[in-house]
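Step one of this worksheet: look at the structure below.
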Amino acid sequence: MLEDCKNAQERWGGVHNLIDRWLEQRRSLLITFIELKEACDSELEAVSKARIDTFSETLMDYISAGHFEIYPQLAEEARAFNDESALQIASQLLERLEMSTEMVLEFDTDYASSVRCQQHLVRLPAWIDRLAKGLTERFALEDQLIARLHAAHTPLHTKTSA
């Protein structure tokens, strides 16, 4: 039993570190989001393309890490534990996450170039409001995904639930 716990920790401890780094990325994303929102609130015309790019790059990095690193690793963990119900829940949550991913891609497209940024600057406050709602929902869904696919399989949880 101790060997199983050690193997699980070795195998899934990396997942925990990956999630921790991703949640740190989320914190950085929120900081750049707040800075952009405050800039829009104080003087929209003074919001620079560089500030929008910083936010957009942080946002795209966060979304990409979720889709290409975190979600697949969580699914692999659930498969390793033969947790079919977790995989079904993950599939449903990922479908719902896809909506906010599309929204993020739209935002990135709208502000991709200097010309587009200038054309869409007046719409930036509305985008900020839309992103605030979308990201709030996204974070809640991701937290559910982590809780169901990872936290449920940690040695402490499986030990107490057995």
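To be explicit about the labels: the chains of the structure tokens are called A, B, and onward in the order shown, and within each one the residues are counted from 1, while ligands get numbers from 1 in the order they are shown.
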Tell me which protein, DNA and RNA residues are within 8 Å of range 73-75 of chain A, counting only C-alpha atoms, leaving out same-chain ones fewer than 5 positions away, and put them as a PDB file with N, CA and C atoms, in the first residue's frame.
```pdb
ATOM      1  N   VAL A  15       1.509  16.361 -11.924  1.00  0.00           N
ATOM      2  CA  VAL A  15       0.245  16.991 -12.318  1.00  0.00           C
ATOM      3  C   VAL A  15      -0.070  18.122 -11.353  1.00  0.00           C
ATOM      4  N   LEU A  87     -14.522  11.129 -16.548  1.00  0.00           N
ATOM      5  CA  LEU A  87     -14.288  11.413 -17.973  1.00  0.00           C
ATOM      6  C   LEU A  87     -15.550  11.950 -18.641  1.00  0.00           C
ATOM      7  N   ALA A  90     -15.877  15.483 -17.476  1.00  0.00           N
ATOM      8  CA  ALA A  90     -14.849  16.280 -18.157  1.00  0.00           C
ATOM      9  C   ALA A  90     -15.289  16.638 -19.565  1.00  0.00           C
ATOM     10  N   ILE A 146     -10.662  20.367 -12.265  1.00  0.00           N
ATOM     11  CA  ILE A 146      -9.546  19.998 -11.391  1.00  0.00           C
ATOM     12  C   ILE A 146     -10.054  19.186 -10.203  1.00  0.00           C
ATOM     13  N   LEU A 149     -11.308  15.658 -11.647  1.00  0.00           N
ATOM     14  CA  LEU A 149     -10.354  14.784 -12.315  1.00  0.00           C
ATOM     15  C   LEU A 149      -9.028  14.648 -11.590  1.00  0.00           C
ATOM     16  N   HIS A 150      -8.687  15.572 -10.735  1.00  0.00           N
ATOM     17  CA  HIS A 150      -7.399  15.460 -10.054  1.00  0.00           C
ATOM     18  C   HIS A 150      -7.560  15.282  -8.548  1.00  0.00           C
TER      19      HIS A 150
END
```
Quick one: residues within 9 Å of Glu35 in chain A, only C-alpha atoms, excluding same-chain residues fewer than 5 positions away - as a short mmCIF file (atom, residue, chain, number, x, y, z; two decimals) with N, CA and C atoms, in the first residue's frame?
```cif
data_model
loop_
_atom_site.label_atom_id
_atom_site.label_comp_id
_atom_site.auth_asym_id
_atom_site.auth_seq_id
_atom_site.Cartn_x
_atom_site.Cartn_y
_atom_site.Cartn_z
N LEU A 30 -5.17 37.55 -14.45
CA LEU A 30 -6.10 38.46 -13.77
C LEU A 30 -5.46 39.82 -13.51
N CYS A 40 -8.74 51.27 -19.41
CA CYS A 40 -9.94 51.59 -20.20
C CYS A 40 -10.85 52.54 -19.43
N ARG A 51 -0.27 47.38 -24.40
CA ARG A 51 -1.00 46.93 -23.20
C ARG A 51 -2.02 45.86 -23.59
N PHE A 55 -1.97 41.76 -22.47
CA PHE A 55 -3.12 41.02 -21.96
C PHE A 55 -3.48 39.85 -22.88
#
```
Report as a JSON list (two decimals) with all heavy atoms, in the first residue's frame all protein, DNA and RNA residues lying within 12 Å of Glu43 in chain A, evaluated on only C-alpha atoms, omitting residues in the same chain fewer than 6 positions from it.
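part_11.json, freshly written:
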```json
[["chain", "number", "residue", "atom", "x", "y", "z"],
["A", 36, "LEU", "N", -5.64, 46.34, -17.62],
["A", 36, "LEU", "CA", -6.26, 46.78, -18.87],
["A", 36, "LEU", "C", -7.61, 47.43, -18.59],
["A", 36, "LEU", "O", -7.93, 48.48, -19.15],
["A", 36, "LEU", "CB", -6.41, 45.60, -19.84],
["A", 36, "LEU", "CG", -7.03, 45.91, -21.19],
["A", 36, "LEU", "CD1", -6.22, 46.97, -21.95],
["A", 36, "LEU", "CD2", -7.18, 44.64, -22.02],
["A", 37, "LYS", "N", -8.39, 46.84, -17.71],
["A", 37, "LYS", "CA", -9.70, 47.39, -17.36],
["A", 37, "LYS", "C", -9.54, 48.79, -16.75],
["A", 37, "LYS", "O", -10.27, 49.72, -17.12],
["A", 37, "LYS", "CB", -10.45, 46.49, -16.41],
["A", 37, "LYS", "CG", -11.83, 47.05, -16.04],
["A", 37, "LYS", "CD", -12.61, 46.11, -15.20],
["A", 37, "LYS", "CE", -13.97, 46.61, -14.79],
["A", 37, "LYS", "NZ", -14.44, 47.87, -15.27],
["A", 121, "LEU", "N", -11.00, 49.89, -30.86],
["A", 121, "LEU", "CA", -10.71, 50.45, -29.55],
["A", 121, "LEU", "C", -11.97, 50.89, -28.81],
["A", 121, "LEU", "O", -12.11, 50.65, -27.61],
["A", 121, "LEU", "CB", -9.73, 51.62, -29.66],
["A", 121, "LEU", "CG", -9.19, 52.15, -28.33],
["A", 121, "LEU", "CD1", -8.42, 51.06, -27.59],
["A", 121, "LEU", "CD2", -8.30, 53.36, -28.56],
["A", 122, "VAL", "N", -12.90, 51.49, -29.52],
["A", 122, "VAL", "CA", -14.13, 51.97, -28.89],
["A", 122, "VAL", "C", -14.94, 50.80, -28.28],
["A", 122, "VAL", "O", -15.68, 50.98, -27.33],
["A", 122, "VAL", "CB", -14.97, 52.81, -29.88],
["A", 122, "VAL", "CG1", -15.60, 51.94, -30.96],
["A", 122, "VAL", "CG2", -16.02, 53.62, -29.16],
["A", 124, "LEU", "N", -13.55, 48.19, -26.84],
["A", 124, "LEU", "CA", -12.76, 47.53, -25.81],
["A", 124, "LEU", "C", -13.47, 47.44, -24.45],
["A", 124, "LEU", "O", -13.45, 46.36, -23.84],
["A", 124, "LEU", "CB", -11.39, 48.19, -25.68],
["A", 124, "LEU", "CG", -10.38, 47.48, -24.78],
["A", 124, "LEU", "CD1", -10.13, 46.04, -25.24],
["A", 124, "LEU", "CD2", -9.06, 48.25, -24.75],
["A", 125, "PRO", "N", -14.11, 48.49, -23.96],
["A", 125, "PRO", "CA", -14.81, 48.35, -22.67],
["A", 125, "PRO", "C", -15.89, 47.26, -22.69],
["A", 125, "PRO", "O", -16.04, 46.51, -21.71],
["A", 125, "PRO", "CB", -15.42, 49.73, -22.43],
["A", 125, "PRO", "CG", -14.52, 50.66, -23.19],
["A", 125, "PRO", "CD", -14.12, 49.89, -24.42]]
```
Worksheet item: Using only C-alpha atoms, which residue out of A:Ala147, A:Met103, A:Cys117, A:Ala140 lies closest to Val47 in chain A?
Response: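 Distance minimum relative to Val47 in chain A lands on A:Cys117.
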Practice prompt. State, in Å with one decimal place, the distance from CA of Gly134 in chain A to CA of Phe68 in chain A.
Written response: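 So the answer is 19.7 Å.
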Worksheet entry | DSSP-assigned alpha helix (DSSP H) among chain A, expressed as a VMD selection string | chain A and resid 2 to 43 49 to 65 71 to 80 84 to 110 114 to 120 124 to 149 155 to 161
Enumerate, in order of chain and increasing residue number, the residues of range 40-85 of chain A with an atom no farther than 10 Å from range 94-97 of chain A, each with its shortest atom pair and distance in Å to one decimal, counting only C-alpha atoms, as CSV.
```
residue,atom,partner,partner_atom,distance
A:Ile63,CA,A:Leu97,CA,9.9
A:His67,CA,A:Leu94,CA,9.1
A:Tyr71,CA,A:Leu94,CA,8.4
```
Writer output for current selection, C-alpha atoms, as a PDB file, in the first residue's frame:
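Output file result-v5.pdb is given in full below:
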```pdb
ATOM      1  CA  ILE A  63      -5.986  29.174 -22.622  1.00  0.00           C
ATOM      2  CA  HIS A  67      -6.161  22.944 -23.706  1.00  0.00           C
ATOM      3  CA  TYR A  71      -6.914  19.109 -19.692  1.00  0.00           C
TER       4      TYR A  71
END
```
Worksheet item: Using only C-alpha atoms, which residues sit within 12 Å of Leu23 in chain A once same-chain residues fewer than 4 positions away are excluded, as a list in words?
Response: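 My list of contacting residues is His16, Asn17, Leu18, Ile19, Arg27, Ser28, Leu29, Leu30, Tyr62, Ile63, Ala65, Gly66, Ile70, Phe139, Glu142, Asp143 and Ile146 of chain A.
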Grab the residues selected above and save them as a CSV table (one decimal), in the first residue's frame with all heavy atoms.
```csv
chain,number,residue,atom,x,y,z
A,16,HIS,N,0.1,17.9,-10.1
A,16,HIS,CA,-0.1,18.9,-9.1
A,16,HIS,C,0.7,20.1,-9.3
A,16,HIS,O,0.2,21.2,-9.3
A,16,HIS,CB,0.1,18.3,-7.7
A,16,HIS,CG,-0.2,19.3,-6.6
A,16,HIS,ND1,-1.5,19.6,-6.2
A,16,HIS,CD2,0.6,20.0,-5.8
A,16,HIS,CE1,-1.5,20.5,-5.3
A,16,HIS,NE2,-0.2,20.7,-5.0
A,17,ASN,N,2.0,19.9,-9.6
A,17,ASN,CA,2.9,21.0,-9.9
A,17,ASN,C,2.5,21.8,-11.2
A,17,ASN,O,2.5,23.0,-11.3
A,17,ASN,CB,4.4,20.6,-10.1
A,17,ASN,CG,4.9,20.1,-8.7
A,17,ASN,OD1,4.5,20.5,-7.7
A,17,ASN,ND2,5.9,19.2,-8.8
A,18,LEU,N,2.0,21.0,-12.2
A,18,LEU,CA,1.6,21.6,-13.4
A,18,LEU,C,0.3,22.5,-13.2
A,18,LEU,O,0.2,23.6,-13.7
A,18,LEU,CB,1.2,20.5,-14.4
A,18,LEU,CG,0.9,20.8,-15.8
A,18,LEU,CD1,2.0,21.5,-16.6
A,18,LEU,CD2,0.4,19.6,-16.6
A,19,ILE,N,-0.6,22.0,-12.4
A,19,ILE,CA,-1.8,22.7,-12.0
A,19,ILE,C,-1.4,24.0,-11.2
A,19,ILE,O,-1.9,25.1,-11.5
A,19,ILE,CB,-2.8,21.9,-11.2
A,19,ILE,CG1,-3.4,20.8,-12.1
A,19,ILE,CG2,-3.9,22.7,-10.6
A,19,ILE,CD1,-4.2,19.7,-11.4
A,27,ARG,N,-3.4,33.8,-12.1
A,27,ARG,CA,-3.3,35.0,-11.3
A,27,ARG,C,-2.6,36.1,-12.1
A,27,ARG,O,-3.1,37.2,-12.1
A,27,ARG,CB,-2.4,34.7,-10.1
A,27,ARG,CG,-2.4,35.8,-9.0
A,27,ARG,CD,-1.4,35.5,-7.9
A,27,ARG,NE,0.0,35.5,-8.2
A,27,ARG,CZ,0.6,36.7,-8.5
A,27,ARG,NH1,0.0,37.8,-8.5
A,27,ARG,NH2,1.9,36.6,-8.8
A,28,SER,N,-1.6,35.8,-12.9
A,28,SER,CA,-1.0,36.8,-13.8
A,28,SER,C,-1.9,37.3,-14.8
A,28,SER,O,-1.9,38.5,-15.1
A,28,SER,CB,0.2,36.1,-14.5
A,28,SER,OG,1.2,35.8,-13.6
A,29,LEU,N,-2.8,36.4,-15.3
A,29,LEU,CA,-3.8,36.8,-16.3
A,29,LEU,C,-4.7,37.8,-15.7
A,29,LEU,O,-5.1,38.9,-16.3
A,29,LEU,CB,-4.6,35.6,-16.8
A,29,LEU,CG,-5.8,35.9,-17.6
A,29,LEU,CD1,-5.5,36.7,-18.9
A,29,LEU,CD2,-6.5,34.6,-17.9
A,30,LEU,N,-5.2,37.5,-14.5
A,30,LEU,CA,-6.1,38.5,-13.8
A,30,LEU,C,-5.5,39.8,-13.5
A,30,LEU,O,-6.1,40.9,-13.6
A,30,LEU,CB,-6.6,37.8,-12.5
A,30,LEU,CG,-7.6,36.7,-12.7
A,30,LEU,CD1,-7.8,35.9,-11.4
A,30,LEU,CD2,-8.9,37.1,-13.3
A,62,TYR,N,-2.5,31.3,-21.3
A,62,TYR,CA,-3.3,30.6,-20.3
A,62,TYR,C,-4.3,29.6,-20.9
A,62,TYR,O,-4.4,28.4,-20.5
A,62,TYR,CB,-4.1,31.6,-19.4
A,62,TYR,CG,-5.0,30.9,-18.4
A,62,TYR,CD1,-4.5,30.5,-17.2
A,62,TYR,CD2,-6.3,30.7,-18.7
A,62,TYR,CE1,-5.3,29.9,-16.3
A,62,TYR,CE2,-7.1,30.1,-17.7
A,62,TYR,CZ,-6.6,29.7,-16.5
A,62,TYR,OH,-7.4,29.0,-15.6
A,63,ILE,N,-5.0,30.0,-21.9
A,63,ILE,CA,-6.0,29.2,-22.6
A,63,ILE,C,-5.3,28.0,-23.3
A,63,ILE,O,-5.7,26.8,-23.2
A,63,ILE,CB,-6.8,30.0,-23.7
A,63,ILE,CG1,-7.6,31.1,-23.1
A,63,ILE,CG2,-7.7,29.1,-24.5
A,63,ILE,CD1,-8.7,30.7,-22.1
A,65,ALA,N,-2.4,26.6,-22.4
A,65,ALA,CA,-1.9,25.7,-21.4
A,65,ALA,C,-3.0,24.8,-20.9
A,65,ALA,O,-2.8,23.6,-20.7
A,65,ALA,CB,-1.3,26.5,-20.2
A,66,GLY,N,-4.2,25.4,-20.8
A,66,GLY,CA,-5.3,24.5,-20.4
A,66,GLY,C,-5.6,23.5,-21.4
A,66,GLY,O,-5.7,22.3,-21.1
A,70,ILE,N,-3.0,21.0,-19.5
A,70,ILE,CA,-3.7,20.6,-18.3
A,70,ILE,C,-4.9,19.6,-18.5
A,70,ILE,O,-4.9,18.6,-17.9
A,70,ILE,CB,-4.3,21.9,-17.6
A,70,ILE,CG1,-3.2,22.9,-17.3
A,70,ILE,CG2,-5.1,21.5,-16.3
A,70,ILE,CD1,-2.1,22.5,-16.3
A,139,PHE,N,-13.2,30.0,-15.2
A,139,PHE,CA,-12.4,29.6,-14.0
A,139,PHE,C,-13.2,28.7,-13.2
A,139,PHE,O,-12.7,27.7,-12.6
A,139,PHE,CB,-12.0,30.8,-13.2
A,139,PHE,CG,-11.1,31.8,-14.0
A,139,PHE,CD1,-11.0,33.1,-13.6
A,139,PHE,CD2,-10.3,31.3,-15.0
A,139,PHE,CE1,-10.2,34.0,-14.3
A,139,PHE,CE2,-9.4,32.2,-15.7
A,139,PHE,CZ,-9.4,33.5,-15.3
A,142,GLU,N,-13.2,25.3,-14.9
A,142,GLU,CA,-11.8,24.7,-14.7
A,142,GLU,C,-11.6,24.2,-13.3
A,142,GLU,O,-11.0,23.1,-13.1
A,142,GLU,CB,-10.8,25.7,-15.1
A,142,GLU,CG,-10.7,26.0,-16.6
A,142,GLU,CD,-9.8,27.1,-16.9
A,142,GLU,OE1,-9.4,27.9,-16.1
A,142,GLU,OE2,-9.5,27.2,-18.1
A,143,ASP,N,-12.1,24.9,-12.3
A,143,ASP,CA,-12.0,24.5,-10.9
A,143,ASP,C,-12.8,23.2,-10.7
A,143,ASP,O,-12.3,22.3,-10.0
A,143,ASP,CB,-12.4,25.6,-10.0
A,143,ASP,CG,-11.5,26.7,-9.9
A,143,ASP,OD1,-10.4,26.6,-10.5
A,143,ASP,OD2,-11.9,27.8,-9.4
A,146,ILE,N,-10.7,20.4,-12.3
A,146,ILE,CA,-9.5,20.0,-11.4
A,146,ILE,C,-10.1,19.2,-10.2
A,146,ILE,O,-9.5,18.1,-9.9
A,146,ILE,CB,-8.8,21.2,-10.9
A,146,ILE,CG1,-8.1,21.9,-12.1
A,146,ILE,CG2,-7.8,20.9,-9.8
A,146,ILE,CD1,-7.5,23.3,-11.8
```
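For the pair CA of Pro72 in chain A and CA of Leu131 in chain A, the interatomic distance is 24.4 Å.
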Worksheet item: Please, what distance in Å, to one decimal, runs between CA of Tyr111 in chain A and CA of Leu44 in chain A?
Response: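 The value is 14.3 Å.
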Discussion item. As JSON, numbers by chain, please: the residues near Ser113 in chain A (cut-off 10 Å, only C-alpha atoms, same-chain neighbours under 6 positions excluded).
Written reply: {"A": [49, 53, 119]}
Go ahead and write the selection's residues with all heavy atoms as a PDB file, in the first residue's frame.
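New file selection.pdb:
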```
ATOM      1  N   LYS A  49      -1.610  49.733 -27.794  1.00  0.00           N
ATOM      2  CA  LYS A  49      -1.627  48.413 -28.426  1.00  0.00           C
ATOM      3  C   LYS A  49      -0.757  47.457 -27.615  1.00  0.00           C
ATOM      4  O   LYS A  49      -1.108  46.290 -27.433  1.00  0.00           O
ATOM      5  CB  LYS A  49      -1.120  48.531 -29.870  1.00  0.00           C
ATOM      6  CG  LYS A  49      -0.807  47.223 -30.554  1.00  0.00           C
ATOM      7  CD  LYS A  49      -2.009  46.618 -31.205  1.00  0.00           C
ATOM      8  CE  LYS A  49      -1.649  45.462 -32.120  1.00  0.00           C
ATOM      9  NZ  LYS A  49      -1.817  44.158 -31.536  1.00  0.00           N
ATOM     10  N   ASP A  53      -1.809  43.933 -26.221  1.00  0.00           N
ATOM     11  CA  ASP A  53      -1.025  42.755 -26.607  1.00  0.00           C
ATOM     12  C   ASP A  53      -0.557  41.958 -25.391  1.00  0.00           C
ATOM     13  O   ASP A  53      -0.592  40.726 -25.400  1.00  0.00           O
ATOM     14  CB  ASP A  53       0.194  43.161 -27.437  1.00  0.00           C
ATOM     15  CG  ASP A  53      -0.160  43.539 -28.867  1.00  0.00           C
ATOM     16  OD1 ASP A  53      -1.313  43.280 -29.291  1.00  0.00           O
ATOM     17  OD2 ASP A  53       0.707  44.101 -29.554  1.00  0.00           O
ATOM     18  N   GLN A 119      -9.359  50.317 -34.952  1.00  0.00           N
ATOM     19  CA  GLN A 119     -10.751  50.205 -35.396  1.00  0.00           C
ATOM     20  C   GLN A 119     -11.675  49.738 -34.270  1.00  0.00           C
ATOM     21  O   GLN A 119     -12.830  50.149 -34.201  1.00  0.00           O
ATOM     22  CB  GLN A 119     -10.869  49.211 -36.559  1.00  0.00           C
ATOM     23  CG  GLN A 119     -10.266  49.678 -37.848  1.00  0.00           C
ATOM     24  CD  GLN A 119     -10.216  48.561 -38.894  1.00  0.00           C
ATOM     25  OE1 GLN A 119     -10.256  47.373 -38.579  1.00  0.00           O
ATOM     26  NE2 GLN A 119     -10.120  48.964 -40.153  1.00  0.00           N
TER      27      GLN A 119
END
```
Item to complete: Identify which of the residues A:Gln118, A:Ser91, A:Thr101, A:Thr136 lies closest to Arg26 in chain A, counting only C-alpha atoms when measuring atom-to-atom distances.
Response: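 Counting only C-alpha atoms, the residue closest to Arg26 in chain A is A:Thr136.
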